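*Asks:* Here you go, protein.cif (mmCIF, C-alpha atoms):
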data_target
loop_
_atom_site.label_atom_id
_atom_site.label_comp_id
_atom_site.auth_asym_id
_atom_site.auth_seq_id
_atom_site.Cartn_x
_atom_site.Cartn_y
_atom_site.Cartn_z
CA MET M 14 0.00 0.00 0.00
CA ALA M 15 1.29 3.44 -0.87
CA THR M 16 2.15 5.76 1.99
CA GLY M 17 1.42 9.40 2.71
CA GLY M 18 -2.21 9.23 1.61
CA LEU M 19 -1.30 8.05 -1.85
CA VAL M 20 -3.15 5.17 -3.48
CA THR M 21 -1.95 3.21 -6.48
CA LEU M 22 -4.23 2.69 -9.45
CA LYS M 23 -4.04 -1.05 -8.75
CA GLU M 24 -5.38 -0.45 -5.23
CA ILE M 25 -8.18 1.71 -6.64
CA ARG M 26 -9.10 -1.11 -9.03
CA GLU M 27 -9.16 -3.58 -6.13
CA MET M 28 -11.36 -1.23 -4.10
CA LEU M 29 -13.75 -0.80 -7.02
CA ASP M 30 -13.95 -4.58 -7.48
CA VAL M 31 -15.40 -4.76 -3.96
CA CYS M 32 -17.38 -1.51 -3.74
CA ALA M 33 -18.41 -0.94 -7.36
CA PRO M 34 -18.32 -4.32 -9.13
CA GLY M 35 -18.01 -3.91 -12.88
CA ALA M 36 -16.50 -0.43 -12.72
CA LEU M 37 -14.09 0.43 -15.52
CA ILE M 38 -11.12 2.81 -15.39
CA VAL M 39 -10.29 4.26 -18.80
CA ALA M 40 -7.23 6.48 -19.31
CA LYS M 41 -7.90 9.59 -21.39
CA GLU M 42 -5.50 12.33 -22.44
CA HIS M 43 -5.91 14.44 -19.29
CA HIS M 44 -7.74 12.28 -16.73
CA ASN M 45 -8.79 8.76 -15.95
CA TRP M 46 -12.50 8.23 -16.46
CA VAL M 47 -14.25 5.82 -14.11
CA LEU M 48 -17.48 4.31 -15.43
CA TRP M 49 -19.93 2.55 -13.15
CA ASN M 50 -23.64 2.11 -12.75
CA GLY M 51 -24.46 4.34 -15.71
CA ARG M 52 -22.39 7.23 -14.36
CA THR M 53 -18.95 8.56 -15.29
CA TYR M 54 -16.40 10.22 -13.03
CA ARG M 55 -14.22 12.20 -15.44
CA GLY M 56 -11.72 13.71 -13.05
CA LEU M 57 -9.52 10.97 -11.56
CA PRO M 58 -5.94 12.20 -12.05
CA LEU M 59 -3.56 10.24 -14.22
CA GLY M 60 -0.95 10.47 -11.47
CA LYS M 61 1.87 12.84 -10.72
CA HIS M 62 4.00 11.74 -13.63
CA GLY M 63 1.34 11.40 -16.27
CA LYS M 64 0.37 8.08 -17.79
CA ARG M 65 2.08 5.16 -16.06
CA VAL M 66 1.15 1.55 -15.56
CA ASN M 67 0.42 1.87 -11.85
CA PRO M 68 0.58 5.54 -10.84
CA GLU M 69 0.00 6.82 -7.32
CA ILE M 70 -3.03 9.04 -6.88
CA GLU M 71 -3.76 11.32 -3.96
CA GLY M 72 -6.15 9.80 -1.44
CA GLY M 73 -8.29 12.95 -1.35
CA GLN M 74 -8.98 12.56 -5.05
CA VAL M 75 -10.02 8.94 -4.56
CA ARG M 76 -12.27 9.93 -1.65
CA ARG M 77 -14.09 12.44 -3.81
CA MET M 78 -14.57 9.91 -6.57
CA ALA M 79 -16.04 7.54 -3.97
CA ARG M 80 -18.38 10.30 -2.79
CA PHE M 81 -19.56 10.80 -6.38
CA PHE M 82 -20.42 7.11 -6.69
CA GLU M 83 -21.88 7.05 -3.14
CA ILE M 84 -19.55 4.22 -2.09
CA LEU M 85 -17.45 6.17 0.42
CA GLU M 86 -18.03 3.97 3.48
CA CYS M 87 -17.08 0.85 1.57
CA ALA M 88 -14.10 2.59 -0.05
CA LYS M 89 -12.75 3.73 3.33
CA LYS M 90 -12.82 0.15 4.59
CA GLN M 91 -10.75 -0.95 1.61
CA LEU M 92 -8.48 2.10 1.54
CA PRO M 93 -8.19 3.56 5.06
CA GLN M 94 -5.74 6.22 3.86
CA ILE M 95 -8.42 8.06 1.92
CA MET S 2 -15.02 21.56 8.46
CA GLU S 3 -16.84 24.42 6.75
CA LYS S 4 -18.38 23.85 3.37
CA TYR S 5 -19.34 26.70 1.05
CA PRO S 6 -22.02 26.52 -1.65
CA ILE S 7 -20.58 28.00 -4.83
CA LEU S 8 -22.26 29.12 -8.04
CA PHE S 9 -19.95 29.62 -10.97
CA SER S 10 -20.12 30.77 -14.57
CA ARG S 11 -17.56 30.22 -17.28
CA ARG S 12 -17.29 30.23 -21.03
CA GLU S 13 -14.76 28.07 -22.85
CA LEU S 14 -13.78 27.80 -26.49
CA ILE S 15 -12.99 24.20 -27.37
CA GLU S 16 -11.50 22.81 -30.58
CA GLY S 17 -12.88 19.44 -31.54
CA ASN S 18 -12.54 17.10 -34.48
CA GLY S 19 -13.73 19.34 -37.30
CA PHE S 20 -15.46 21.96 -35.20
CA ILE S 21 -14.98 24.78 -32.74
CA ALA S 22 -17.48 24.93 -29.87
CA GLY S 23 -18.37 27.55 -27.32
CA VAL S 24 -19.35 26.08 -23.96
CA SER S 25 -21.14 28.35 -21.50
CA VAL S 26 -21.88 26.93 -18.08
CA ASN S 27 -23.79 28.14 -15.05
CA GLY S 28 -22.96 25.49 -12.50
CA ARG S 29 -22.61 24.81 -8.82
CA ALA S 30 -19.80 23.41 -6.71
CA LEU S 31 -18.94 22.68 -3.10
CA LEU S 32 -15.84 24.28 -1.59
CA SER S 33 -14.41 22.82 1.60
CA ALA S 34 -11.22 23.22 3.60
CA GLU S 35 -9.46 20.35 5.32
CA ASN S 36 -5.93 19.80 6.62
CA GLY S 37 -4.69 23.06 5.15
CA GLU S 38 -6.01 22.32 1.69
CA THR S 39 -9.07 23.63 -0.09
CA TRP S 40 -11.09 21.31 -2.28
CA VAL S 41 -13.76 22.14 -4.84
CA GLU S 42 -16.11 19.38 -6.00
CA GLY S 43 -18.42 19.82 -8.94
CA VAL S 44 -22.11 19.37 -8.15
CA ASN S 45 -23.35 20.22 -11.67
CA PRO S 46 -21.35 19.30 -13.54
CA GLY S 47 -20.35 16.54 -11.16
CA GLY S 48 -17.59 14.02 -11.64
CA PHE S 49 -14.49 16.11 -11.14
CA THR S 50 -12.60 17.86 -8.36
CA ALA S 51 -9.80 20.35 -7.84
CA LYS S 52 -7.74 21.51 -4.92
CA GLY S 53 -5.49 24.36 -3.94
CA SER S 54 -3.71 25.89 -0.99
CA SER S 55 -6.34 28.66 -0.78
CA SER S 56 -9.91 29.20 -1.87
CA SER S 57 -8.93 31.36 -4.81
CA GLU S 58 -6.29 28.86 -5.92
CA ALA S 59 -8.72 25.96 -5.63
CA LEU S 60 -11.39 27.79 -7.62
CA ALA S 61 -8.86 28.64 -10.33
CA ALA S 62 -7.77 24.99 -10.44
CA PHE S 63 -11.41 23.95 -10.65
CA GLY S 64 -11.85 26.08 -13.76
CA GLU S 65 -8.76 24.50 -15.30
CA GLU S 66 -9.96 20.97 -14.48
CA PHE S 67 -13.33 21.78 -16.08
CA ARG S 68 -11.52 22.82 -19.25
CA LEU S 69 -9.43 19.62 -19.26
CA VAL S 70 -12.56 17.48 -18.93
CA LEU S 71 -13.97 19.30 -21.97
CA PHE S 72 -10.70 18.59 -23.82
CA ASP S 73 -11.05 14.87 -23.07
CA ILE S 74 -14.67 14.89 -24.25
CA ALA S 75 -13.64 16.73 -27.43
CA THR S 76 -10.92 14.17 -28.14
CA GLU S 77 -13.49 11.37 -27.94
CA ALA S 78 -16.17 13.10 -30.02
CA ALA S 79 -16.24 12.42 -33.74
CA SER S 80 -18.59 15.33 -34.45
CA PHE S 81 -20.01 18.48 -32.93
CA GLU S 82 -23.31 16.75 -32.23
CA VAL S 83 -21.61 13.98 -30.26
CA PHE S 84 -19.55 16.54 -28.34
CA LYS S 85 -22.67 18.55 -27.47
CA THR S 86 -24.54 15.48 -26.25
CA SER S 87 -21.57 14.32 -24.18
CA VAL S 88 -21.04 17.73 -22.56
CA GLU S 89 -24.72 17.94 -21.65
CA ALA S 90 -24.54 14.46 -20.11
CA PHE S 91 -21.45 15.54 -18.15
CA PHE S 92 -23.32 18.56 -16.77
CA ASN S 93 -26.35 16.52 -15.79
CA GLU S 94 -24.38 13.90 -13.83
CA THR S 95 -25.12 15.48 -10.48
CA ASN S 96 -22.84 14.72 -7.56
CA ARG S 97 -25.68 13.79 -5.19
CA THR S 98 -23.48 13.57 -2.08
CA ALA S 99 -22.06 17.03 -2.69
CA LEU S 100 -25.52 18.38 -3.56
CA ARG S 101 -26.92 17.39 -0.16
CA GLU S 102 -24.05 19.24 1.53
CA TRP S 103 -24.40 22.18 -0.87
CA GLU S 104 -28.06 22.57 0.10
CA GLY S 105 -27.18 22.35 3.79
CA ALA S 106 -24.53 25.01 3.32
CA VAL S 107 -27.01 27.32 1.59
CA THR S 108 -29.22 27.07 4.69
CA GLU S 109 -26.25 28.00 6.87
CA VAL S 110 -25.48 31.03 4.69
CA ARG S 111 -29.10 32.17 4.91
CA GLN S 112 -29.08 31.74 8.69
CA GLY S 113 -25.95 33.85 8.94
CA LYS S 114 -23.89 30.94 10.28
CA LEU S 115 -21.60 30.90 7.27
CA ALA S 116 -20.12 33.88 5.46
CA ALA S 117 -17.66 34.32 2.63
CA ASP S 118 -16.93 38.03 2.32
CA TRP S 119 -14.42 37.29 -0.42
CA LEU S 120 -17.23 36.21 -2.77
CA ASP S 121 -20.26 37.95 -4.22
CA ARG S 122 -23.64 36.50 -3.28
CA ARG S 123 -26.12 35.08 -5.76
CA PRO S 124 -29.51 33.50 -5.14
CA ALA S 125 -29.20 29.73 -4.76
CA GLU S 126 -32.11 29.36 -7.17
CA SER S 127 -30.17 31.06 -9.98
CA PRO S 128 -30.64 29.24 -13.28
CA LEU S 129 -28.26 26.35 -13.91
CA GLY S 130 -27.35 24.93 -17.27
CA ILE S 131 -24.83 24.39 -19.99
CA GLU S 132 -25.00 25.66 -23.54
CA VAL S 133 -22.89 24.21 -26.32
CA VAL S 134 -22.87 26.10 -29.61
CA ARG S 135 -20.89 25.67 -32.78
CA ILE S 136 -18.74 28.71 -33.46
CA ARG S 137 -18.87 29.70 -37.10
CA GLN S 138 -18.06 33.37 -36.76
CA PRO S 139 -15.75 34.09 -33.84
CA LYS S 140 -16.41 37.43 -32.17
CA ALA S 141 -14.53 39.18 -29.38
CA ALA S 142 -17.91 39.95 -27.85
CA HIS S 143 -18.28 36.24 -27.04
CA ASN S 144 -15.40 36.38 -24.57
CA GLN S 145 -16.57 36.11 -20.99
CA GLU S 146 -14.73 36.26 -17.69
CA GLY S 147 -15.29 33.38 -15.31
CA VAL S 148 -17.01 34.27 -12.04
CA ALA S 149 -17.77 32.52 -8.77
CA ALA S 150 -20.23 33.54 -6.06
CA ILE S 151 -21.58 32.11 -2.83
CA ALA S 152 -25.12 30.78 -3.10
CA ALA S 153 -27.51 32.41 -0.66
#
Is it possible to give me this structure as structure tokens?
*Replies:*
Amino acid sequence: MATGGLVTLKEIREMLDVCAPGALIVAKEHHNWVLWNGRTYRGLPLGKHGKRVNPEIEGGQVRRMARFFEILECAKKQLPQI
Amino acid sequence: MEKYPILFSRRELIEGNGFIAGVSVNGRALLSAENGETWVEGVNPGGFTAKGSSSSEALAAFGEEFRLVLFDIATEAASFEVFKTSVEAFFNETNRTALREWEGAVTEVRQGKLAADWLDRRPAESPLGIEVVRIRQPKAAHNQEGVAAIAA
């Protein structure tokens, strides 16, 4: 697990597998889009160094994505650092 | 943690695949401060967030993030019509969690429990919406400064 409130994209995928089964993360030019339950979160950062295989993303950003999908309580159990 | 209900207006000029579009938005967002950072979450449009070390910095970053989301939508869209439909869908994806807090914050502003002297006030019931138009004849008169206000 990443430290300092950072979460890797792999950890986000694992959280979504539990809290938002079927969610997809799609990398776009400027952001990752997260698609689930007919809704799209278009603002998940690509990570501090742009497109990488498993970038680290700030926990606060992940928390706000979880709020958008109304899965925050579940997400916090999977990723306590958010 | 204090949360502020924000109304914002912006106009962006976006180049797409074979078109230039003007996007005018009257939206709402939730500004909150925590651990020395200020966060702004979109309510309408929902689905994106920005942060800064101050309220003004976070609001400026929010405007930039909005523009980058439009860039991503433009990259995906094969035509102006597809772009317009996608931008409207983006606007209408309400962040319901943030909306509940936004409405609670409006009540606090009206009760005088929450103030933001650094922002103008606008009625919370101000019209919301997004307009996407194809630009065929660019005019300087179309240019519009972005503004943010506290909803009251």
*Asks:* State, in Å with one decimal place, the distance from CA of Leu59 in chain M to CA of Ala61 in chain S.
*Replies:* 19.5 Å
*Asks:* What residues come out when you apply the PyMOL selection byres ((chain S) within 10 of (chain M)) to this file, written as a PyMOL selection string?
*Replies:* chain S and resi 40-44+47-52+66-67+69-74+76-77+90-91+94-99
*Asks:* Quote the spacing between CA of Leu31 in chain S and CA of Gln112 in chain S in Å to one decimal place.
*Replies:* 18.0 Å
*Asks:* Applying the PyMOL selection byres ((chain S and resi 32) around 9) to the file I just gave you, which residues come out? Please list them as JSON, numbers by chain.
*Replies:* {"S": [3, 4, 5, 6, 7, 30, 31, 33, 34, 39, 40, 41, 42, 43, 56, 59, 60, 103]}
*Asks:* Would you save the residues of that selection, restricted to C-alpha atoms, as an mmCIF file, in the coordinates of the input?
*Replies:*
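Saved as part.cif:
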data_model
loop_
_atom_site.group_PDB
_atom_site.id
_atom_site.type_symbol
_atom_site.label_atom_id
_atom_site.label_comp_id
_atom_site.auth_asym_id
_atom_site.auth_seq_id
_atom_site.Cartn_x
_atom_site.Cartn_y
_atom_site.Cartn_z
ATOM 1 C CA GLU S 3 -16.840 24.420 6.750
ATOM 2 C CA LYS S 4 -18.380 23.850 3.370
ATOM 3 C CA TYR S 5 -19.340 26.700 1.050
ATOM 4 C CA PRO S 6 -22.020 26.520 -1.650
ATOM 5 C CA ILE S 7 -20.580 28.000 -4.830
ATOM 6 C CA ALA S 30 -19.800 23.410 -6.710
ATOM 7 C CA LEU S 31 -18.940 22.680 -3.100
ATOM 8 C CA SER S 33 -14.410 22.820 1.600
ATOM 9 C CA ALA S 34 -11.220 23.220 3.600
ATOM 10 C CA THR S 39 -9.070 23.630 -0.090
ATOM 11 C CA TRP S 40 -11.090 21.310 -2.280
ATOM 12 C CA VAL S 41 -13.760 22.140 -4.840
ATOM 13 C CA GLU S 42 -16.110 19.380 -6.000
ATOM 14 C CA GLY S 43 -18.420 19.820 -8.940
ATOM 15 C CA SER S 56 -9.910 29.200 -1.870
ATOM 16 C CA ALA S 59 -8.720 25.960 -5.630
ATOM 17 C CA LEU S 60 -11.390 27.790 -7.620
ATOM 18 C CA TRP S 103 -24.400 22.180 -0.870
#
*Asks:* Taking the file as I've supplied it (selection: the PyMOL selection byres ((chain M and resi 90) around 12)), which residues are included? Please answer as a CSV table (one decimal) with C-alpha atoms, in the coordinates of the input.
*Replies:*
chain,number,residue,atom,x,y,z
M,27,GLU,CA,-9.2,-3.6,-6.1
M,28,MET,CA,-11.4,-1.2,-4.1
M,29,LEU,CA,-13.8,-0.8,-7.0
M,31,VAL,CA,-15.4,-4.8,-4.0
M,32,CYS,CA,-17.4,-1.5,-3.7
M,76,ARG,CA,-12.3,9.9,-1.6
M,79,ALA,CA,-16.0,7.5,-4.0
M,84,ILE,CA,-19.6,4.2,-2.1
M,85,LEU,CA,-17.4,6.2,0.4
M,86,GLU,CA,-18.0,4.0,3.5
M,87,CYS,CA,-17.1,0.8,1.6
M,88,ALA,CA,-14.1,2.6,0.0
M,89,LYS,CA,-12.8,3.7,3.3
M,91,GLN,CA,-10.8,-1.0,1.6
M,92,LEU,CA,-8.5,2.1,1.5
M,93,PRO,CA,-8.2,3.6,5.1
M,94,GLN,CA,-5.7,6.2,3.9
M,95,ILE,CA,-8.4,8.1,1.9
*Asks:* So the first atom is CA of Pro124 in chain S and the second is CA of Ala150 in chain S; what is the distance between them in Å, to one decimal place?
*Replies:*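 Going from CA of Pro124 in chain S over to CA of Ala150 in chain S, I get 9.3 Å.
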*Asks:* Which residue gives the smallest distance to Ile70 in chain M among M:Ile25, M:Val20, M:Ile38, M:Ala33, with only C-alpha atoms counted?
*Replies:*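 Result for the nearest residue to Ile70 in chain M: M:Val20.
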*Asks:* Residues at most 12 Å from Gly19 in chain S, counting all atoms listed in the file, excluding those fewer than 2 positions away in the same chain, as JSON, numbers by chain?
*Replies:* {"S": [15, 16, 17, 21, 22, 75, 76, 78, 79, 80, 81, 82, 83, 84, 135, 136, 137]}
*Asks:* Calculated over all atoms listed in the file, which of the candidates S:Val24, S:Ala153, S:Ala141, S:Leu14 has the smallest distance to Ala106 in chain S?
*Replies:* S:Ala153
*Asks:* Each side padded by 6 Å, which centre and which edge lengths in Å (one decimal) define the axis-aligned box around the listed atoms of range 70-82 of chain M? Give them as lines of an AutoDock Vina configuration file.
*Replies:*
center_x = -11.7
center_y = 10.0
center_z = -4.1
size_x = 29.4
size_y = 17.8
size_z = 17.5
*Asks:* Given all atoms listed in the file as the basis, pick out the residue of S:Ala117, S:Val110, S:Val148, S:Leu100 nearest to Asn27 in chain S.
*Replies:*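 Residue with the minimum atom-to-atom distance to Asn27 in chain S: S:Val148.
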